[in-house]
Amino acid sequence: MLVLAMIIQAQVSPEIELAAKGVVSGNLTIDEANTTSAVSDFSDSQILLGFRQKLYNSWRGQLVFGAQFPDAESDLGVIFFNHVFIQVEDQKNIIKLGRSATQTILNQFPTLRDDDAIQFNYSLNPFSNGTNTQDNQYGNVIEYTHIFRQRNWLTFHGENFADLSKPENFNLNSFGVSYLYVVPETQIWNRNVVQRVGISYNNYITDQPDYSGFDRLLKNVLATITLNVKPDPVHFIDIRIQGIYNFGFQVIDSINSYSDYVETPSVSTFGTIRYLYRKYERPLIQVAAGFGYKSFNIISGSEQLIVIANVFYRIGENFDVGFQYRYLKNNGQTGELFGREEHRFQLALVYSISKIFNNQFDDRNSILNLEHNYIK
């Protein structure tokens, strides 16, 4: 009876996971006027705390708290709570309620920080003023996901994105649906050519005065694919591509503000090629290069270009040192809004750690998987 009681207690007691991620870089930036600035940047460093609980049926529950250091120039304060949600799930269904990452991107790219190419690989929040990258990445969410045959993820989602004009309004101002085909982590060694394919349709409920009803929705379509170029278990080479078509509003024929920039029709693409050397089944060296391009359908001569190159070396368990170079070019009216040109050089240290107490579950919803992983 004592053994039975101990088993029952173990089944209903929670699993606790404590995780932290530190991203610290020295940034050297050179702009179009050859003005140089250097800063010590620890943005995106964060602490995550998660609890998972076996429920009285085939379902399990999860509670997550996450606190992140935002960008230095943001107006979010010293600490930003990027995750505060409760989730219930079984093998094929996931229901999430609370604050978390939104469905504004379909892939992860091998950049130092996930917002390094945010203007090219994220569906942008039209309610933001562009100061905070987190306005595009996180929101108050309600999501339902159904998983078919372990690889096909169909998600229906609604969000309340930060709206500076209505800071006290927590009504849903975005909704959509996404589909992803993803090869599970446990089968990564099979090195299938197709690793990920996805498509998403997002709608933002705007107050655009020149439109009414359904036409007021700012509509974005995202598509992505990840391909293995070299099916080798030691020398990984993959290509990741994502495109975003922003239907925008045809009445906006010039970019005079950040709102115009987000709401005018546009097409953006971003892609990377990555080489990863895994020695003894552990990542050791990663080299990656990325390219992005954004054009605006009805504004001739306005376009954006980004080039990113980096190299990272693992010097200890989950401890990396790396160097990244980013070049950003804005032409036409985007140059007048953001500046014409920028070079950024970054020397970085990254450390991720996770500790699980009373381990009971698989790692499908490990809290470190909630955030950007550039080397894995």
# chains A, B, ... in the order shown; residues from 1 in each chain; ligands from 1
$ residues_around --residues "Ser25 of chain A" --least-positions-apart "2" --cutoff "10 Å" --atoms "only C-alpha atoms" --output "list in words"
Gly22, Val23, Asn27, Leu28, Val39, Ser40, Asp41, Phe42, Ser43, Leu112, Val321, Gly322, Phe323, Gln324, Phe345, Gln346, Leu347, Ala348, Leu349 and Val350 of chain A
$ select_by_dssp --residues "segment 25-139 of chain A" --states "strand (DSSP E)" --output "ChimeraX atom specification"
/A:25-31,36-41,46-54,60-68,80-89,93-101,138-139
$ closest_residue --among "A:Ile142, A:Leu217, A:Leu55, A:Ala288" --to "Asn310 of chain A" --atoms "only C-alpha atoms"
A:Ala288
$ residues_around --residues "segment 233-239 of chain A" --least-positions-apart "5" --cutoff "9 Å" --atoms "only C-alpha atoms" --output "PyMOL selection string"
chain A and resi 188-191+193+225-228+271-281
$ atom_distance --atom1 "atom CA of Asp44 of chain A" --atom2 "atom CA of Phe170 of chain A"
24.8 Å
$ select_by_dssp --residues "segment 177-263 of chain A" --states "alpha helix (DSSP H)" --output "VMD selection string"
chain A and resid 258 to 263
$ atom_distance --atom1 "atom CA of Gly158 of chain A" --atom2 "atom CA of Asn121 of chain A"
19.8 Å
$ decode --residues "segment 7-148 of chain A" --atoms "C-alpha atoms" --output "compact mmCIF listing (two decimals), in the first residue's frame"
# COMPACT_ATOMS: atom_id res chain seq x y z
CA ILE A 7 3.28 6.03 -7.14
CA ILE A 8 -0.03 7.91 -6.98
CA GLN A 9 1.66 10.90 -5.34
CA ALA A 10 4.38 10.95 -8.03
CA GLN A 11 1.72 10.93 -10.75
CA VAL A 12 -0.12 13.99 -9.43
CA SER A 13 2.83 16.05 -8.16
CA PRO A 14 4.10 18.67 -10.66
CA GLU A 15 7.19 18.63 -12.77
CA ILE A 16 9.16 21.86 -12.25
CA GLU A 17 11.51 23.32 -14.84
CA LEU A 18 13.79 26.30 -14.26
CA ALA A 19 15.56 27.73 -17.28
CA ALA A 20 17.66 30.76 -18.11
CA LYS A 21 19.18 32.18 -21.26
CA GLY A 22 21.88 34.81 -21.31
CA VAL A 23 22.68 36.68 -24.53
CA VAL A 24 25.40 39.30 -24.13
CA SER A 25 27.12 41.02 -27.03
CA GLY A 26 29.37 43.93 -27.71
CA ASN A 27 27.80 45.86 -30.61
CA LEU A 28 29.73 48.19 -32.92
CA THR A 29 27.42 50.10 -35.29
CA ILE A 30 28.41 52.33 -38.20
CA ASP A 31 25.63 54.33 -39.91
CA GLU A 32 25.38 56.18 -43.22
CA ALA A 33 27.15 59.26 -41.83
CA ASN A 34 30.07 57.07 -40.67
CA THR A 35 29.03 57.74 -37.09
CA THR A 36 30.25 54.94 -34.85
CA SER A 37 28.60 53.73 -31.64
CA ALA A 38 29.53 50.87 -29.32
CA VAL A 39 27.30 49.34 -26.65
CA SER A 40 27.17 46.36 -24.34
CA ASP A 41 23.90 44.60 -25.18
CA PHE A 42 22.20 41.99 -22.97
CA SER A 43 18.72 42.21 -24.50
CA ASP A 44 16.73 38.97 -24.91
CA SER A 45 18.37 37.49 -21.79
CA GLN A 46 15.63 35.91 -19.74
CA ILE A 47 14.51 33.61 -16.95
CA LEU A 48 11.76 31.00 -17.45
CA LEU A 49 9.88 29.00 -14.84
CA GLY A 50 7.50 26.22 -15.81
CA PHE A 51 5.24 23.71 -14.05
CA ARG A 52 3.70 20.64 -15.71
CA GLN A 53 1.03 18.54 -14.12
CA LYS A 54 -0.53 15.15 -14.94
CA LEU A 55 -4.31 15.59 -14.97
CA TYR A 56 -6.89 12.99 -14.00
CA ASN A 57 -7.21 11.72 -17.57
CA SER A 58 -5.02 11.54 -20.67
CA TRP A 59 -4.39 15.31 -20.53
CA ARG A 60 -1.68 17.31 -18.80
CA GLY A 61 -1.46 20.96 -17.80
CA GLN A 62 1.33 23.51 -17.92
CA LEU A 63 1.91 26.92 -16.32
CA VAL A 64 4.80 29.13 -17.51
CA PHE A 65 6.23 32.45 -16.33
CA GLY A 66 8.92 34.22 -18.34
CA ALA A 67 10.73 37.54 -17.81
CA GLN A 68 12.96 39.09 -20.47
CA PHE A 69 15.29 42.08 -20.71
CA PRO A 70 14.01 44.14 -23.69
CA ASP A 71 16.07 46.24 -26.08
CA ALA A 72 17.80 49.25 -24.55
CA GLU A 73 15.88 51.75 -26.69
CA SER A 74 12.45 50.22 -25.95
CA ASP A 75 9.85 51.80 -23.67
CA LEU A 76 8.92 48.52 -21.95
CA GLY A 77 10.92 49.21 -18.79
CA VAL A 78 13.69 47.12 -17.28
CA ILE A 79 11.80 43.81 -17.32
CA PHE A 80 9.20 42.56 -19.82
CA PHE A 81 7.00 39.55 -19.05
CA ASN A 82 7.02 37.66 -22.33
CA HIS A 83 5.35 34.47 -21.08
CA VAL A 84 2.49 34.11 -18.60
CA PHE A 85 0.18 31.34 -19.79
CA ILE A 86 -1.63 28.14 -18.93
CA GLN A 87 -1.79 25.28 -21.41
CA VAL A 88 -3.59 21.93 -21.44
CA GLU A 89 -2.77 19.21 -23.93
CA ASP A 90 -2.95 15.57 -24.82
CA GLN A 91 -1.15 13.67 -27.57
CA LYS A 92 -3.02 15.40 -30.41
CA ASN A 93 -4.52 18.61 -28.98
CA ILE A 94 -3.08 21.76 -27.37
CA ILE A 95 -5.07 24.65 -25.87
CA LYS A 96 -3.14 27.75 -24.74
CA LEU A 97 -4.39 30.88 -22.94
CA GLY A 98 -2.34 33.84 -21.71
CA ARG A 99 0.68 35.85 -22.87
CA SER A 100 3.16 34.09 -25.14
CA ALA A 101 4.88 34.15 -28.52
CA THR A 102 2.48 34.88 -31.38
CA GLN A 103 2.01 33.26 -34.79
CA THR A 104 3.87 36.04 -36.59
CA ILE A 105 6.75 33.86 -37.81
CA LEU A 106 6.83 30.26 -39.06
CA ASN A 107 10.51 29.37 -38.83
CA GLN A 108 13.62 29.88 -36.73
CA PHE A 109 16.66 31.32 -38.42
CA PRO A 110 20.32 30.99 -37.32
CA THR A 111 20.78 34.59 -36.18
CA LEU A 112 22.18 35.75 -32.86
CA ARG A 113 18.82 37.19 -31.74
CA ASP A 114 15.45 36.33 -33.22
CA ASP A 115 14.70 39.99 -34.02
CA ASP A 116 17.89 40.63 -36.02
CA ALA A 117 15.86 40.54 -39.26
CA ILE A 118 12.44 41.35 -37.81
CA GLN A 119 11.39 43.67 -40.67
CA PHE A 120 11.86 40.79 -43.12
CA ASN A 121 10.77 37.60 -41.35
CA TYR A 122 7.94 38.72 -39.03
CA SER A 123 4.39 39.72 -39.79
CA LEU A 124 4.48 43.20 -38.26
CA ASN A 125 2.03 44.59 -35.69
CA PRO A 126 0.18 47.62 -37.20
CA PHE A 127 -0.77 48.90 -33.72
CA SER A 128 2.88 49.45 -32.74
CA ASN A 129 5.03 52.54 -33.23
CA GLY A 130 8.06 50.39 -34.10
CA THR A 131 10.01 51.15 -30.93
CA ASN A 132 9.60 47.71 -29.35
CA THR A 133 10.41 44.53 -31.26
CA GLN A 134 8.42 42.64 -28.61
CA ASP A 135 5.22 44.27 -29.91
CA ASN A 136 5.48 41.96 -32.94
CA GLN A 137 6.68 38.84 -31.13
CA TYR A 138 4.42 38.54 -28.07
CA GLY A 139 0.79 39.11 -27.24
CA ASN A 140 -2.16 37.90 -25.22
CA VAL A 141 -3.11 34.72 -27.07
CA ILE A 142 -5.82 32.12 -27.34
CA GLU A 143 -4.77 29.12 -29.43
CA TYR A 144 -6.01 25.68 -30.35
CA THR A 145 -3.67 23.25 -32.11
CA HIS A 146 -4.48 19.81 -33.49
CA ILE A 147 -1.59 17.49 -34.39
CA PHE A 148 -2.06 14.94 -37.17
